[in-house]
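Worksheet: the structure to be examined is printed underneath.
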Amino acid sequence: MTETADTALHGVGVSARRPDATLKVTGEFAYASDLWLDGMVWGVTLRSPHPSAWIRSIDVGPALRVPGVLAVLTHEDVPGEKRYGLERRDQPVLAVDEVRYQGEPVALVAADHPETARRAAALIAVEYEPRPAVTDPRLATEVVRRQPVRRGEVFEADVVVTGEYEVGMQDQAFLGPESGLAVPAEDGGVDLYVATQWLHVDRDQLAPCLGLPPEKVRLTLSGVGGAFGAREDLSMQVHACLLALRLNRPVKIVYGREESFFGHVHRHPARMRYEHGATRDGRLVYVRADILLDGGAYCSSSPAVVGNAASLGVGPYEVPNVDVVATGVYTNNPPCGAMRGFGAVQACFAYESQMDRLAEACGLSPVEIRRRNAVSQGSSMITGQVVDSPAPLAEMLGELESLPMPGPRGRDLRDLPGGVSQTTHGESVRRGVGYGVGIKNICFSEGFDDYSTAVVRAELVGGEPHVTVRTAAAEVGQGLVTLQAQIARTELGIADVTVATADTSVGSAGSSSASRQSYVTGGAVKLACEAVRARFEGLPPREALEKSGPIEEARVFRHRPTYPLDPRTGQGDSHVQLALCVHRAVVDVDVELGLVKVVELAAVQDVGRALNPQALEGQIHGGSAQGLGLALMEEIRVRDGRVLNPSFTDYLIPTVLDMPPMRLKILEFPDPAAPYGLRGAGEPPTLSSTPAIAAAVRAATGLRLTRVPIRPEDIALSNHGEVSDG
């Protein structure tokens, strides 16, 4: 097809309108929390108030006596396996004889009204015997995974900088809490309508716990109000199904905001120590790094997070000698798992902070130190993997540096830190500029069988060609439904395309994470469409379908193989694809009060090929916003294993007033191994925005600031001499 025809059909390369856009803007879109079925009842979870305790007894009698209560379940009522998990089945469906974190599910209640269920759950008498909790990861003795990356023998240099860095626990903070509806089926199975990221892995964890074969556990995707990694793990899924099967009635569970903070995993907090050695002219000689990740109470996806932190632990820089060790440990803190950036975010903050210190020590600009050490196509990563597709980092840095800077501050109070609160009129405000570079793996790594399945059907409907695309890929707000339709239009030359609701009746599409769905599900849809087109036998679509009748083809797409990292040396071709983003941040800081206003973010990103330019820009804006949140405001505060701020009153996320204007430069250097040459784009902006903002605040204040999020007291008290730098 020609580009003109593609454009007319709203195919690949066009900013096609999302089919859910109007409904979401007007508030008419049906999310999972809007599900309703006649005869349904409500489920509620009782959770542990302790981060670590033995359970000595559970008395459900008081709850059962509440009018309207239909069932109360404990671990004794689980018909199958009592544990589940993404990588290791270590997480109890309901606590058996102990609890390992505050918020661990202990019992379930079903009632005819959600308030009745909540009141009854509060009456369940659980006798706990609290025990000492392990909450400092430095004192933890249980290791989830330890992954070294070692090569080279030279660990001496002319210029050496060291630093210790810390990243707080960030929440995915999606606006649509966990929710779903479980409906018992006539065949003894269950149908679950749920907001999730990975339908098939949910099913594969659920079925053993329910004592059912996988084919009797059927999942259909409901409207998802954001995900960012937190919906990879089970939350309410198994609990709703247990209650529905016990009662033989539909059961709905919807978390409130506070419960959501306890009901899903978070970003791993990190403590990191780095040492960079370089020549006097700024060429890296070696990097030593020790990365400690707090995995919380259960495994989740921590092993893969550790692998990413290790393999990407020095960033997109050529370093001949490395000694990096990443370790994930169990504690009695809230479980941690997938979040946008997945291990690479934490390391990026540390290695980029180090690059700024190295630039200062060598008398170079922050951009020049990065340019001199930048990887390019043909470079070797620290794992020995060769970058075999375009990696135009030096060019990206040049493009970023050439972007216009924002103008000087105006007199409008809304342009100052503190805004119309009139905390300042500019007398204590200083401006700073900072840079950040990040590299992120795309798709699953280390030998995971990463694939997606698509079924494409072409037929005549009302005499006109129509295409239906079916996959199990979760639309979590990233625009995947739109993209699948664009691919079908481009490959088949048919404008009328329907993308069916994702469910488990189609082969797995894997998770909507790791920036992978455009790559793997896009690849599967493309393959299936090509197979349908081949059966047109060169005829125009209408003529072909008139002659043959409906044509349906199913295809599975797999990317090139990857391999596990060597457990001793960390060497190996562990990643499918690598993606780069660079940021420049401009901030104004009130150094007296510690208030920060991000004046502008500028970003340059190589996307391979922009399949939907407007949606792509939205992904870069969104990723940058989450990086801003981590830099300045977002942190789950945990003390002695207890969450102190499980609400959007106290857990702050960027609003439209916090997010600055953005200048974007999108580069397209196609990856020949990827469908259409695309490069996954959703995660890289989250990496580089955080260190860029932190660097800008350092430039404005002169402080070390080695921890994110940066709090006002980190700036204000330091400037008053009441605490030390950092």
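In the structure tokens, chains take the letters A, B, ... in the order shown, each chain's residues start at 1, and ligands count up from 1 in the order shown.
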Closest contacts (segment 188-211 of chain A/segment 242-248 of chain A, max 12 Å, only C-alpha atoms) as a tab-separated table:
residue	atom	partner	partner_atom	distance
A:Gly188	CA	A:Leu245	CA	8.0
A:Gly189	CA	A:Leu245	CA	7.9
A:Val190	CA	A:Leu245	CA	7.2
A:Asp191	CA	A:Ala244	CA	9.6
A:Leu192	CA	A:Ala244	CA	9.8
A:Leu206	CA	A:Leu242	CA	9.6
A:Ala207	CA	A:Leu242	CA	10.7
A:Pro208	CA	A:Leu242	CA	11.8
A:Cys209	CA	A:Leu242	CA	8.8
A:Leu210	CA	A:Leu242	CA	6.8
A:Gly211	CA	A:Leu242	CA	10.2
Going by DSSP on the backbone, which bits of segment 236-349 of chain A are strand (DSSP E)? Write them as a VMD selection string, please.
chain A and resid 251 to 254 270 to 278 284 to 294 321 to 329
All residues 9 Å or closer to Val69 of chain A, only C-alpha atoms, same chain fewer than 4 positions away omitted, as a ChimeraX atom specification:
/A:63-65,109-113,116-117,120
Between A:Pro465, A:Gly493, A:Gly570, A:Pro406, single out the one closest to Arg663 of chain A, counting only C-alpha atoms.
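Looking only at the distances to Arg663 of chain A, the closest residue turns out to be A:Pro406.
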Got a sec: who's within 8 Å of Ala347 of chain A, counting only C-alpha atoms, leaving out chain neighbours fewer than 3 positions off, as a PyMOL selection string?
chain A and resi 272+291+309+312-315+343-344+350-351
As a PyMOL selection string, please: the residues near Val604 of chain A (cut-off 12 Å, only C-alpha atoms, same-chain neighbours under 6 positions excluded).
chain A and resi 392-403+435-438+579-584+617+620-621+624+662-668+681+684-685+688-689
Restricting to only C-alpha atoms, whichever of A:Glu156, A:Glu318, A:Glu232, A:Asp415 is closest to Val375 of chain A is A:Glu318
Rank nothing, just name the residue among A:Asp714, A:Asp588, A:Val194, A:Val134 nearest to Thr424 of chain A, using only C-alpha atoms.
A:Asp588
As an exercise, work out the distance from atom CA of Phe448 of chain A to atom CA of Val143 of chain A in Å and give it to one decimal place.
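Between atom CA of Phe448 of chain A and atom CA of Val143 of chain A the gap works out to 21.6 Å.
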Could you list, as a ChimeraX atom specification, every residue within 12 Å of Val159 of chain A, counting only C-alpha atoms and ignoring same-chain residues fewer than 2 positions away?
/A:155-157,161-162,275-287,357-363
When you look at Arg218 of chain A with a cut-off of 10 Å (counting only C-alpha atoms), what residues show up, excluding the ones that are within fewer than 2 positions of it in the same chain? I need them as a PyMOL selection string.
chain A and resi 182-183+185+189-193+199-200+202-203+207+214-216+220+503-505
